[in-house]
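Asks: Below: one structure in C-alpha coordinates.
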Amino acid sequence: MKIATFNINGIKARHAALVDWLKEADPDVALLQEIKSIDEGFPRELFEDLGYAVETHGQKSFNGVAILSKLPLEDVTRGLPGNESDEQARWIEATVVGERAVRLCGLYLPNGNPVEFDPSGAPIREGKYGYKLDWMDRLHARATQLLQSEEPVVMAGDYNIIPQDEDAAKPESWRRDALALPESRAAFRRVLNLGFTEAFRAKVTGPGHYSFWDYQAGAWQRNNGIRIDHLLLSPQAADLLRNVEIDKDIRGREKPSDHVPVWIDLEA
DNA sequence: ATGGCCGGTGGAACCGGA
(Lines give C-alpha, C1' and ligand atoms only; values in the text may rest on other atoms or scores of the structure.)
Protein backbone atom coordinates (compact mmCIF):
# COMPACT_ATOMS: atom_id res chain seq x y z
CA MET A 1 0.00 0.00 0.00
CA LYS A 2 1.57 3.22 -1.17
CA ILE A 3 0.66 6.15 1.11
CA ALA A 4 1.75 9.69 0.25
CA THR A 5 1.61 13.03 2.01
CA PHE A 6 1.57 16.21 -0.06
CA ASN A 7 1.05 19.84 0.95
CA ILE A 8 -0.43 21.09 -2.32
CA ASN A 9 -0.69 24.80 -1.38
CA GLY A 10 -4.16 25.41 -2.81
CA ILE A 11 -6.32 22.97 -4.75
CA LYS A 12 -7.55 25.65 -7.14
CA ALA A 13 -4.03 26.43 -8.27
CA ARG A 14 -2.76 22.85 -8.09
CA HIS A 15 -5.46 20.48 -9.33
CA ALA A 16 -3.86 19.95 -12.74
CA ALA A 17 -0.41 19.30 -11.29
CA LEU A 18 -1.95 17.04 -8.67
CA VAL A 19 -3.76 14.95 -11.26
CA ASP A 20 -0.53 14.60 -13.27
CA TRP A 21 1.38 13.44 -10.20
CA LEU A 22 -1.36 10.98 -9.17
CA LYS A 23 -1.30 9.42 -12.63
CA GLU A 24 2.48 8.97 -12.50
CA ALA A 25 3.05 8.06 -8.85
CA ASP A 26 -0.20 6.10 -8.55
CA PRO A 27 -0.41 6.14 -4.74
CA ASP A 28 -3.14 4.10 -3.10
CA VAL A 29 -3.63 6.91 -0.61
CA ALA A 30 -2.77 10.61 -0.79
CA LEU A 31 -3.03 12.74 2.35
CA LEU A 32 -3.31 16.35 1.24
CA GLN A 33 -2.73 19.55 3.20
CA GLU A 34 -3.48 23.20 2.54
CA ILE A 35 -6.32 22.55 0.16
CA LYS A 36 -7.38 26.16 0.95
CA SER A 37 -10.95 25.37 0.00
CA ILE A 38 -14.30 24.69 1.53
CA ASP A 39 -15.53 21.12 1.07
CA GLU A 40 -18.04 22.20 -1.58
CA GLY A 41 -15.31 23.89 -3.60
CA PHE A 42 -13.03 20.84 -3.78
CA PRO A 43 -13.05 19.39 -7.34
CA ARG A 44 -13.71 15.85 -6.14
CA GLU A 45 -14.83 14.59 -9.55
CA LEU A 46 -11.31 15.06 -10.92
CA PHE A 47 -10.08 12.48 -8.44
CA GLU A 48 -13.10 10.21 -8.46
CA ASP A 49 -12.54 9.88 -12.20
CA LEU A 50 -9.09 8.48 -11.37
CA GLY A 51 -10.64 5.94 -9.05
CA TYR A 52 -10.16 7.72 -5.72
CA ALA A 53 -12.58 8.01 -2.86
CA VAL A 54 -12.44 11.60 -1.60
CA GLU A 55 -12.85 12.86 1.96
CA THR A 56 -12.22 16.51 2.77
CA HIS A 57 -12.05 18.70 5.86
CA GLY A 58 -11.83 22.18 4.44
CA GLN A 59 -12.38 25.79 5.36
CA LYS A 60 -12.46 29.05 3.45
CA SER A 61 -9.12 30.43 2.20
CA PHE A 62 -6.69 28.70 4.55
CA ASN A 63 -5.60 25.31 5.86
CA GLY A 64 -7.77 22.33 4.97
CA VAL A 65 -6.87 18.65 4.65
CA ALA A 66 -8.14 15.80 2.49
CA ILE A 67 -7.71 12.08 1.91
CA LEU A 68 -7.78 10.45 -1.51
CA SER A 69 -7.89 6.66 -1.54
CA LYS A 70 -8.24 3.97 -4.17
CA LEU A 71 -9.41 1.61 -1.42
CA PRO A 72 -12.58 2.22 0.57
CA LEU A 73 -12.39 4.68 3.47
CA GLU A 74 -14.27 3.93 6.67
CA ASP A 75 -14.92 5.67 9.99
CA VAL A 76 -13.95 9.14 8.79
CA THR A 77 -13.54 11.78 11.50
CA ARG A 78 -12.64 15.45 11.19
CA GLY A 79 -10.79 17.74 13.57
CA LEU A 80 -8.13 17.09 16.21
CA PRO A 81 -9.80 16.41 19.58
CA GLY A 82 -9.06 18.48 22.64
CA ASN A 83 -10.28 22.00 21.85
CA GLU A 84 -13.85 22.51 20.75
CA SER A 85 -13.21 26.19 20.00
CA ASP A 86 -10.43 25.45 17.46
CA GLU A 87 -11.98 26.15 14.07
CA GLN A 88 -8.88 25.55 11.95
CA ALA A 89 -9.19 22.55 9.60
CA ARG A 90 -5.94 20.68 10.19
CA TRP A 91 -6.78 17.05 10.98
CA ILE A 92 -8.69 14.21 9.34
CA GLU A 93 -8.76 10.49 10.07
CA ALA A 94 -10.03 7.46 8.21
CA THR A 95 -9.47 3.74 8.10
CA VAL A 96 -8.35 2.27 4.80
CA VAL A 97 -8.92 -1.43 4.29
CA GLY A 98 -6.54 -3.33 2.04
CA GLU A 99 -4.87 -6.59 2.99
CA ARG A 100 -4.71 -4.97 6.41
CA ALA A 101 -6.74 -2.18 7.95
CA VAL A 102 -4.66 0.97 8.48
CA ARG A 103 -5.79 4.00 10.48
CA LEU A 104 -4.76 7.12 8.55
CA CYS A 105 -4.35 10.56 10.09
CA GLY A 106 -3.72 13.50 7.76
CA LEU A 107 -2.45 16.59 9.52
CA TYR A 108 -1.36 20.15 8.89
CA LEU A 109 0.49 21.24 12.00
CA PRO A 110 0.49 25.00 12.70
CA ASN A 111 3.53 26.95 11.52
CA GLY A 112 3.87 28.86 14.80
CA ASN A 113 5.62 31.99 13.53
CA PRO A 114 6.24 34.66 14.51
CA VAL A 115 7.76 33.82 17.89
CA GLU A 116 8.27 36.44 20.57
CA PHE A 117 11.13 36.15 23.04
CA ASP A 118 11.43 37.36 26.62
CA PRO A 119 14.45 39.45 27.72
CA SER A 120 16.35 36.30 28.69
CA GLY A 121 15.98 35.05 25.13
CA ALA A 122 13.44 32.32 25.87
CA PRO A 123 10.50 31.95 23.46
CA ILE A 124 7.17 33.06 24.92
CA ARG A 125 4.39 30.50 24.64
CA GLU A 126 1.64 32.73 23.29
CA GLY A 127 0.07 33.79 20.01
CA LYS A 128 0.72 31.61 17.00
CA TYR A 129 3.65 29.89 18.67
CA GLY A 130 1.50 29.07 21.69
CA TYR A 131 -1.19 27.71 19.39
CA LYS A 132 1.40 25.46 17.74
CA LEU A 133 2.63 24.00 21.03
CA ASP A 134 -0.92 23.60 22.34
CA TRP A 135 -1.85 21.81 19.10
CA MET A 136 1.15 19.50 19.56
CA ASP A 137 -0.02 18.66 23.08
CA ARG A 138 -3.36 17.62 21.56
CA LEU A 139 -1.50 15.63 18.90
CA HIS A 140 0.39 13.84 21.68
CA ALA A 141 -2.89 13.00 23.41
CA ARG A 142 -4.51 11.69 20.23
CA ALA A 143 -1.36 9.71 19.34
CA THR A 144 -1.46 8.11 22.78
CA GLN A 145 -5.05 7.00 22.17
CA LEU A 146 -4.27 5.67 18.71
CA LEU A 147 -1.42 3.51 20.01
CA GLN A 148 -3.81 1.73 22.33
CA SER A 149 -5.52 0.10 19.34
CA GLU A 150 -2.29 -1.84 18.69
CA GLU A 151 -3.18 -1.61 14.99
CA PRO A 152 -1.21 -0.05 12.11
CA VAL A 153 -1.54 3.75 12.37
CA VAL A 154 0.00 6.30 9.99
CA MET A 155 0.03 9.97 11.05
CA ALA A 156 1.30 11.90 8.05
CA GLY A 157 1.38 15.45 6.86
CA ASP A 158 3.05 18.82 7.03
CA TYR A 159 4.41 18.82 10.60
CA ASN A 160 6.11 22.20 10.21
CA ILE A 161 8.97 20.74 12.26
CA ILE A 162 12.62 20.51 11.20
CA PRO A 163 13.50 17.54 13.42
CA GLN A 164 17.28 18.04 13.47
CA ASP A 165 19.88 20.38 12.01
CA GLU A 166 20.66 17.84 9.30
CA ASP A 167 17.13 18.39 8.00
CA ALA A 168 17.89 21.96 6.88
CA ALA A 169 20.36 23.19 4.28
CA LYS A 170 21.07 26.24 6.47
CA PRO A 171 20.25 25.24 10.04
CA GLU A 172 21.67 28.44 11.47
CA SER A 173 19.01 30.50 9.72
CA TRP A 174 16.24 28.60 11.57
CA ARG A 175 17.56 28.99 15.12
CA ARG A 176 14.83 31.39 16.28
CA ASP A 177 12.12 29.95 14.07
CA ALA A 178 9.11 28.01 15.36
CA LEU A 179 9.96 25.15 12.97
CA ALA A 180 13.27 24.44 14.70
CA LEU A 181 13.17 25.88 18.23
CA PRO A 182 14.21 23.36 20.89
CA GLU A 183 10.71 23.41 22.38
CA SER A 184 9.15 22.58 18.98
CA ARG A 185 11.61 19.77 18.37
CA ALA A 186 11.04 18.42 21.87
CA ALA A 187 7.27 18.34 21.32
CA PHE A 188 7.84 16.36 18.12
CA ARG A 189 10.20 13.97 19.91
CA ARG A 190 7.64 13.45 22.66
CA VAL A 191 5.29 11.99 20.05
CA LEU A 192 8.04 9.79 18.65
CA ASN A 193 8.96 8.69 22.16
CA LEU A 194 5.48 7.26 22.62
CA GLY A 195 6.58 4.60 20.17
CA PHE A 196 6.12 6.13 16.72
CA THR A 197 8.73 5.69 14.01
CA GLU A 198 9.54 8.51 11.61
CA ALA A 199 9.45 6.58 8.33
CA PHE A 200 12.08 8.52 6.42
CA ARG A 201 14.71 8.29 9.16
CA ALA A 202 14.01 4.57 9.54
CA LYS A 203 15.41 4.13 6.04
CA VAL A 204 17.70 7.06 5.23
CA THR A 205 20.48 8.70 7.25
CA GLY A 206 22.43 11.89 6.70
CA PRO A 207 21.81 15.44 5.49
CA GLY A 208 20.58 16.82 2.19
CA HIS A 209 17.02 15.45 2.11
CA TYR A 210 14.29 18.07 1.96
CA SER A 211 10.53 18.28 1.33
CA PHE A 212 10.07 22.07 1.15
CA TRP A 213 11.84 24.86 -0.71
CA ASP A 214 10.58 28.42 -0.28
CA TYR A 215 9.31 30.26 -3.34
CA GLN A 216 11.54 33.18 -2.34
CA ALA A 217 15.21 33.88 -2.83
CA GLY A 218 15.81 31.13 -5.34
CA ALA A 219 15.60 28.51 -2.61
CA TRP A 220 14.94 25.67 -5.06
CA GLN A 221 17.73 26.65 -7.43
CA ARG A 222 20.14 26.85 -4.48
CA ASN A 223 18.76 23.68 -2.87
CA ASN A 224 18.07 25.70 0.26
CA GLY A 225 15.46 23.29 1.58
CA ILE A 226 14.06 21.86 4.79
CA ARG A 227 12.49 18.52 5.65
CA ILE A 228 9.18 19.18 7.39
CA ASP A 229 6.73 16.68 5.84
CA HIS A 230 6.77 13.45 7.81
CA LEU A 231 5.07 10.08 8.12
CA LEU A 232 4.91 8.68 11.66
CA LEU A 233 4.20 4.98 12.05
CA SER A 234 2.83 3.08 15.02
CA PRO A 235 4.87 -0.04 15.90
CA GLN A 236 2.42 -2.21 13.98
CA ALA A 237 2.74 0.04 10.91
CA ALA A 238 6.52 0.26 11.21
CA ASP A 239 6.66 -3.54 11.01
CA LEU A 240 5.11 -3.23 7.56
CA LEU A 241 7.41 -0.52 6.17
CA ARG A 242 9.04 -1.52 2.89
CA ASN A 243 10.18 1.76 1.38
CA VAL A 244 10.08 5.56 1.67
CA GLU A 245 10.84 8.25 -0.88
CA ILE A 246 10.67 11.97 -1.48
CA ASP A 247 9.39 12.96 -4.93
CA LYS A 248 11.86 15.82 -5.17
CA ASP A 249 11.57 16.34 -8.94
CA ILE A 250 8.03 17.66 -8.55
CA ARG A 251 9.45 20.92 -7.17
CA GLY A 252 11.10 21.74 -10.50
CA ARG A 253 7.92 21.59 -12.57
CA GLU A 254 5.58 24.32 -13.82
CA LYS A 255 3.55 25.99 -11.08
CA PRO A 256 4.77 23.71 -8.30
CA SER A 257 3.70 23.66 -4.69
CA ASP A 258 6.49 24.75 -2.36
CA HIS A 259 6.29 21.24 -0.86
CA VAL A 260 6.83 17.92 -2.62
CA PRO A 261 5.19 14.53 -1.97
CA VAL A 262 6.73 12.09 0.49
CA TRP A 263 5.51 8.52 0.40
CA ILE A 264 5.86 5.12 2.02
CA ASP A 265 5.18 1.63 0.79
CA LEU A 266 3.60 -0.56 3.44
CA GLU A 267 3.19 -4.31 3.28
CA ALA A 268 -0.54 -3.92 3.77
C1' DA B 1 26.07 40.44 1.04
C1' DT B 2 21.24 41.25 0.01
C1' DG B 3 16.78 40.62 -1.82
C1' DG B 4 14.10 38.15 -4.48
C1' DC B 5 7.31 34.57 -3.96
C1' DC B 6 2.93 32.66 -4.21
C1' DG B 7 -2.26 31.63 -3.32
C1' DG B 8 -6.71 33.32 -1.96
C1' DT B 9 -9.83 37.00 -1.60
C1' DG B 10 -12.12 40.08 -4.24
C1' DG B 11 -11.73 43.11 -7.48
C1' DA B 12 -6.80 46.76 -4.64
C1' DA B 13 -3.88 45.64 -1.54
C1' DC B 14 -3.47 42.50 2.19
C1' DC B 15 -3.11 38.25 4.94
C1' DG B 16 -0.83 33.96 5.60
C1' DG B 17 2.64 30.91 4.72
C1' DA B 18 7.74 28.87 6.18
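Chain lettering (A, B, ...) mirrors the order of the C-alpha coordinates, residue numbering begins at 1 for each chain separately, and ligand numbering begins at 1 in order of display.
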Can you check which residues of chain A have any atom within 9 Å of chain B? Use only C-alpha atoms (C1' of nucleotides) and format it as a VMD selection string.
Replies: chain A and resid 9 to 10 12 to 13 36 60 to 62 111 113 160 179 212 to 218 258
Asks: Which residues are close to Ile11 of chain A, i.e. within 10 Å by only C-alpha atoms (C1' of nucleotides), leaving aside same-chain residues fewer than 2 positions away? Reply as a PyMOL selection string.
Replies: (chain A and resi 7-9+13-18+32-37+41-43+64) or (chain B and resi 7)
Asks: Find the residues near Trp21 of chain A: any atom within 12 Å, counting only C-alpha atoms (C1' of nucleotides), skip ones fewer than 2 places away on the same chain, and give them as a list in words.
Replies: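 Here the answer would be Ala4, Phe6, Ile8, Arg14, His15, Ala16, Ala17, Leu18, Val19, Lys23, Glu24, Ala25, Asp26, Pro27, Ala30, Phe47, Leu50, Asp247, Lys248, Asp249, Ile250, Arg251, Arg253, Pro256, Ser257, Val260 and Pro261 of chain A.
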Asks: Record the distance separating atom CA of Asp86 of chain A and atom CA of Tyr52 of chain A, expressed in Å with one decimal.
Replies: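 Spanning atom CA of Asp86 of chain A to atom CA of Tyr52 of chain A is a straight-line distance of 29.2 Å.
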Asks: I'd like the contact shell of segment 132-146 of chain A - 6 Å cut-off, only C-alpha atoms (C1' of nucleotides), skipping same-chain residues fewer than 2 positions apart - returned as a PyMOL selection string.
Replies: chain A and resi 82+110+112+129-130+148-149+191
Asks: Write out the residues from the selection above, keeping N, CA and C atoms, as a PDB file, in the first residue's frame.
Replies:
ATOM      1  N   GLY A  82      -9.735  17.813  21.540  1.00  0.00           N
ATOM      2  CA  GLY A  82      -9.057  18.483  22.642  1.00  0.00           C
ATOM      3  C   GLY A  82      -9.293  19.970  22.749  1.00  0.00           C
ATOM      4  N   PRO A 110       0.316  23.545  12.819  1.00  0.00           N
ATOM      5  CA  PRO A 110       0.490  25.002  12.699  1.00  0.00           C
ATOM      6  C   PRO A 110       1.963  25.399  12.555  1.00  0.00           C
ATOM      7  N   GLY A 112       3.404  28.370  13.506  1.00  0.00           N
ATOM      8  CA  GLY A 112       3.869  28.864  14.802  1.00  0.00           C
ATOM      9  C   GLY A 112       4.662  30.154  14.784  1.00  0.00           C
ATOM     10  N   TYR A 129       2.719  30.900  18.138  1.00  0.00           N
ATOM     11  CA  TYR A 129       3.645  29.893  18.673  1.00  0.00           C
ATOM     12  C   TYR A 129       2.988  29.082  19.799  1.00  0.00           C
ATOM     13  N   GLY A 130       2.241  29.767  20.641  1.00  0.00           N
ATOM     14  CA  GLY A 130       1.502  29.066  21.688  1.00  0.00           C
ATOM     15  C   GLY A 130       0.468  28.114  21.105  1.00  0.00           C
ATOM     16  N   GLN A 148      -3.138   2.742  21.506  1.00  0.00           N
ATOM     17  CA  GLN A 148      -3.810   1.734  22.329  1.00  0.00           C
ATOM     18  C   GLN A 148      -4.578   0.715  21.489  1.00  0.00           C
ATOM     19  N   SER A 149      -4.834   1.057  20.218  1.00  0.00           N
ATOM     20  CA  SER A 149      -5.518   0.104  19.335  1.00  0.00           C
ATOM     21  C   SER A 149      -4.600  -1.062  18.985  1.00  0.00           C
ATOM     22  N   VAL A 191       6.193  12.884  20.791  1.00  0.00           N
ATOM     23  CA  VAL A 191       5.290  11.989  20.054  1.00  0.00           C
ATOM     24  C   VAL A 191       6.047  10.746  19.597  1.00  0.00           C
TER      25      VAL A 191
END
Asks: Find the distance between atom CA of Asn223 of chain A and atom CA of Ser211 of chain A and write it in Å to one decimal.
Replies: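 So the answer is 10.7 Å.
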Asks: DSSP on the backbone, then: every residue of segment 33-265 of chain A marked strand (DSSP E or B), written as an MDAnalysis selection string.
Replies: chainID A and resid 33 53:57 65:69 73:78 91:97 101:108 117 123 153:158 168 197:198 212:213 225:226 229:233 241:246 259 262:265
Asks: Would you please give, as a VMD selection string, all residues of segment 104-183 of chain A that DSSP assigns to helix (DSSP H, G or I) based on the backbone?
Replies: chain A and resid 127 to 147 165 to 167 171 to 174 182 to 183
